[in-house]
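Engineer: Structure below; questions to follow.
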Amino acid sequence: MTHPTITREQALADLVDVLGASGSAAHEIGLDDDLTDHGLDSVRLMALLERWRAAGRPVEFAQVAVEPTLRGCLRALGVPA
C-alpha cells in the first residue's frame, strides 16, 4: 500500500504549527534537537500524529516518542532527512 508523499518542509511546517506560539520557528529547529526542548509534549505529539494520520501517513506514537527529533519524525514518516 502506498501512502501520500510528505516532504521534509511539510513535516517541519506541521511540527511548527502544532507547537504554536509556545514552540520554536522552523529555522530554530535543528535536525537532531530534542523536540521537547522546543515545546513538544505528549498532547502536542498526539495532535501532530493525528494530522499526519489524517493525511494518510500511518505513524505511531512510539515511533516518534523513542526519538523525539525532527530526524526521528522524518524517519517515522519515511522521508529522507
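Simple scheme: letters A, B, ... for chains in C-alpha cells order, numbers from 1 for residues in each chain, numbers from 1 for ligands in the order shown.
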DSSP on the backbone: what in chain A comes out helix (DSSP H, G or I), as a ChimeraX atom specification?
Structural biologist: /A:8-22,26-28,35-38,42-54,61-65,70-77
Engineer: Restricted to N, CA and C atoms, what would the selected residues look like written as a tab-separated table (two decimals), in the first residue's frame?
Structural biologist:
```tsv
chain	number	residue	atom	x	y	z
A	8	ARG	N	9.97	16.97	3.70
A	8	ARG	CA	10.62	17.43	4.94
A	8	ARG	C	10.06	18.78	5.34
A	9	GLU	N	9.89	19.66	4.35
A	9	GLU	CA	9.39	21.00	4.62
A	9	GLU	C	7.97	20.96	5.19
A	10	GLN	N	7.13	20.08	4.66
A	10	GLN	CA	5.76	19.97	5.16
A	10	GLN	C	5.74	19.40	6.58
A	11	ALA	N	6.57	18.40	6.82
A	11	ALA	CA	6.65	17.81	8.16
A	11	ALA	C	7.10	18.86	9.17
A	12	LEU	N	8.09	19.68	8.79
A	12	LEU	CA	8.57	20.73	9.67
A	12	LEU	C	7.50	21.80	9.88
A	13	ALA	N	6.79	22.17	8.82
A	13	ALA	CA	5.71	23.15	8.94
A	13	ALA	C	4.61	22.64	9.87
A	14	ASP	N	4.26	21.36	9.75
A	14	ASP	CA	3.26	20.77	10.63
A	14	ASP	C	3.73	20.81	12.08
A	15	LEU	N	4.99	20.48	12.28
A	15	LEU	CA	5.56	20.48	13.63
A	15	LEU	C	5.50	21.88	14.23
A	16	VAL	N	5.94	22.88	13.48
A	16	VAL	CA	5.94	24.25	13.97
A	16	VAL	C	4.51	24.71	14.26
A	17	ASP	N	3.58	24.34	13.39
A	17	ASP	CA	2.18	24.72	13.59
A	17	ASP	C	1.62	24.11	14.88
A	18	VAL	N	1.93	22.85	15.13
A	18	VAL	CA	1.44	22.18	16.34
A	18	VAL	C	2.08	22.78	17.59
A	19	LEU	N	3.33	23.18	17.48
A	19	LEU	CA	4.00	23.79	18.63
A	19	LEU	C	3.40	25.15	18.95
A	20	GLY	N	2.90	25.84	17.93
A	20	GLY	CA	2.24	27.12	18.14
A	20	GLY	C	3.16	28.16	18.76
A	21	ALA	N	2.56	29.12	19.42
A	21	ALA	CA	3.30	30.25	19.98
A	21	ALA	C	4.28	29.81	21.07
A	22	SER	N	4.01	28.69	21.71
A	22	SER	CA	4.91	28.25	22.80
A	22	SER	C	6.14	27.53	22.27
A	26	ALA	N	10.52	27.45	12.50
A	26	ALA	CA	11.15	26.40	11.70
A	26	ALA	C	12.66	26.55	11.64
A	27	HIS	N	13.15	27.77	11.51
A	27	HIS	CA	14.60	27.97	11.39
A	27	HIS	C	15.34	27.71	12.71
A	28	GLU	N	14.61	27.57	13.79
A	28	GLU	CA	15.23	27.33	15.09
A	28	GLU	C	15.33	25.85	15.44
A	35	LEU	N	12.95	17.65	20.55
A	35	LEU	CA	11.76	18.47	20.32
A	35	LEU	C	11.04	18.84	21.61
A	36	THR	N	11.28	18.11	22.68
A	36	THR	CA	10.67	18.50	23.95
A	36	THR	C	11.25	19.84	24.42
A	37	ASP	N	12.49	20.15	24.03
A	37	ASP	CA	13.09	21.44	24.36
A	37	ASP	C	12.44	22.57	23.59
A	38	HIS	N	11.72	22.25	22.51
A	38	HIS	CA	11.03	23.24	21.70
A	38	HIS	C	9.54	23.31	22.03
A	42	SER	N	3.41	15.38	25.11
A	42	SER	CA	2.64	14.24	24.60
A	42	SER	C	1.34	14.68	23.93
A	43	VAL	N	0.72	15.74	24.43
A	43	VAL	CA	-0.53	16.22	23.83
A	43	VAL	C	-0.26	16.78	22.43
A	44	ARG	N	0.78	17.59	22.31
A	44	ARG	CA	1.13	18.15	21.00
A	44	ARG	C	1.60	17.05	20.04
A	45	LEU	N	2.31	16.07	20.57
A	45	LEU	CA	2.74	14.96	19.72
A	45	LEU	C	1.53	14.21	19.17
A	46	MET	N	0.53	13.97	20.00
A	46	MET	CA	-0.67	13.29	19.51
A	46	MET	C	-1.38	14.13	18.45
A	47	ALA	N	-1.42	15.45	18.64
A	47	ALA	CA	-2.03	16.33	17.64
A	47	ALA	C	-1.26	16.25	16.32
A	48	LEU	N	0.05	16.22	16.40
A	48	LEU	CA	0.89	16.11	15.20
A	48	LEU	C	0.65	14.78	14.49
A	49	LEU	N	0.62	13.71	15.26
A	49	LEU	CA	0.40	12.39	14.67
A	49	LEU	C	-0.99	12.28	14.05
A	50	GLU	N	-1.98	12.86	14.69
A	50	GLU	CA	-3.34	12.84	14.12
A	50	GLU	C	-3.38	13.61	12.80
A	51	ARG	N	-2.66	14.69	12.73
A	51	ARG	CA	-2.58	15.46	11.49
A	51	ARG	C	-1.97	14.60	10.38
A	52	TRP	N	-0.88	13.92	10.70
A	52	TRP	CA	-0.22	13.08	9.69
A	52	TRP	C	-1.08	11.87	9.33
A	53	ARG	N	-1.75	11.31	10.31
A	53	ARG	CA	-2.64	10.17	10.02
A	53	ARG	C	-3.80	10.59	9.13
A	54	ALA	N	-4.36	11.78	9.39
A	54	ALA	CA	-5.45	12.29	8.56
A	54	ALA	C	-5.00	12.50	7.12
A	61	PHE	N	2.69	6.58	17.82
A	61	PHE	CA	3.25	7.39	18.91
A	61	PHE	C	4.66	6.93	19.27
A	62	ALA	N	4.84	5.64	19.44
A	62	ALA	CA	6.13	5.10	19.87
A	62	ALA	C	7.23	5.35	18.85
A	63	GLN	N	6.88	5.41	17.57
A	63	GLN	CA	7.88	5.66	16.53
A	63	GLN	C	8.55	7.02	16.72
A	64	VAL	N	7.79	7.99	17.15
A	64	VAL	CA	8.35	9.33	17.34
A	64	VAL	C	8.83	9.52	18.77
A	65	ALA	N	8.12	8.98	19.73
A	65	ALA	CA	8.47	9.16	21.14
A	65	ALA	C	9.84	8.58	21.46
A	70	LEU	N	13.48	16.01	14.89
A	70	LEU	CA	12.99	16.15	13.53
A	70	LEU	C	13.43	14.95	12.70
A	71	ARG	N	14.67	14.51	12.91
A	71	ARG	CA	15.17	13.33	12.19
A	71	ARG	C	14.30	12.10	12.51
A	72	GLY	N	13.92	11.93	13.78
A	72	GLY	CA	13.08	10.81	14.18
A	72	GLY	C	11.70	10.89	13.54
A	73	CYS	N	11.14	12.09	13.48
A	73	CYS	CA	9.84	12.28	12.83
A	73	CYS	C	9.93	11.91	11.35
A	74	LEU	N	10.98	12.40	10.70
A	74	LEU	CA	11.13	12.11	9.28
A	74	LEU	C	11.33	10.61	9.04
A	75	ARG	N	12.10	9.97	9.91
A	75	ARG	CA	12.31	8.52	9.79
A	75	ARG	C	10.97	7.79	9.93
A	76	ALA	N	10.16	8.19	10.90
A	76	ALA	CA	8.85	7.55	11.10
A	76	ALA	C	7.94	7.75	9.91
A	77	LEU	N	8.09	8.90	9.23
A	77	LEU	CA	7.28	9.20	8.06
A	77	LEU	C	7.85	8.59	6.78
```
Engineer: So how many Å separate CA of Val66 (chain A) and CA of Leu40 (chain A), to one decimal?
Structural biologist: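 Separation of CA of Val66 (chain A) and CA of Leu40 (chain A): 13.3 Å.
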Engineer: Quick one, how far is CA of Val59 (chain A) from CA of Thr5 (chain A)?
Structural biologist: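 Between CA of Val59 (chain A) and CA of Thr5 (chain A) the gap is 13.2 Å.
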Engineer: So the first atom is CA of Ala81 (chain A) and the second is CA of Leu31 (chain A); what is the distance between them in Å, to one decimal place?
Structural biologist: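 Atom-to-atom, CA of Ala81 (chain A) and CA of Leu31 (chain A) are spaced 7.8 Å apart.
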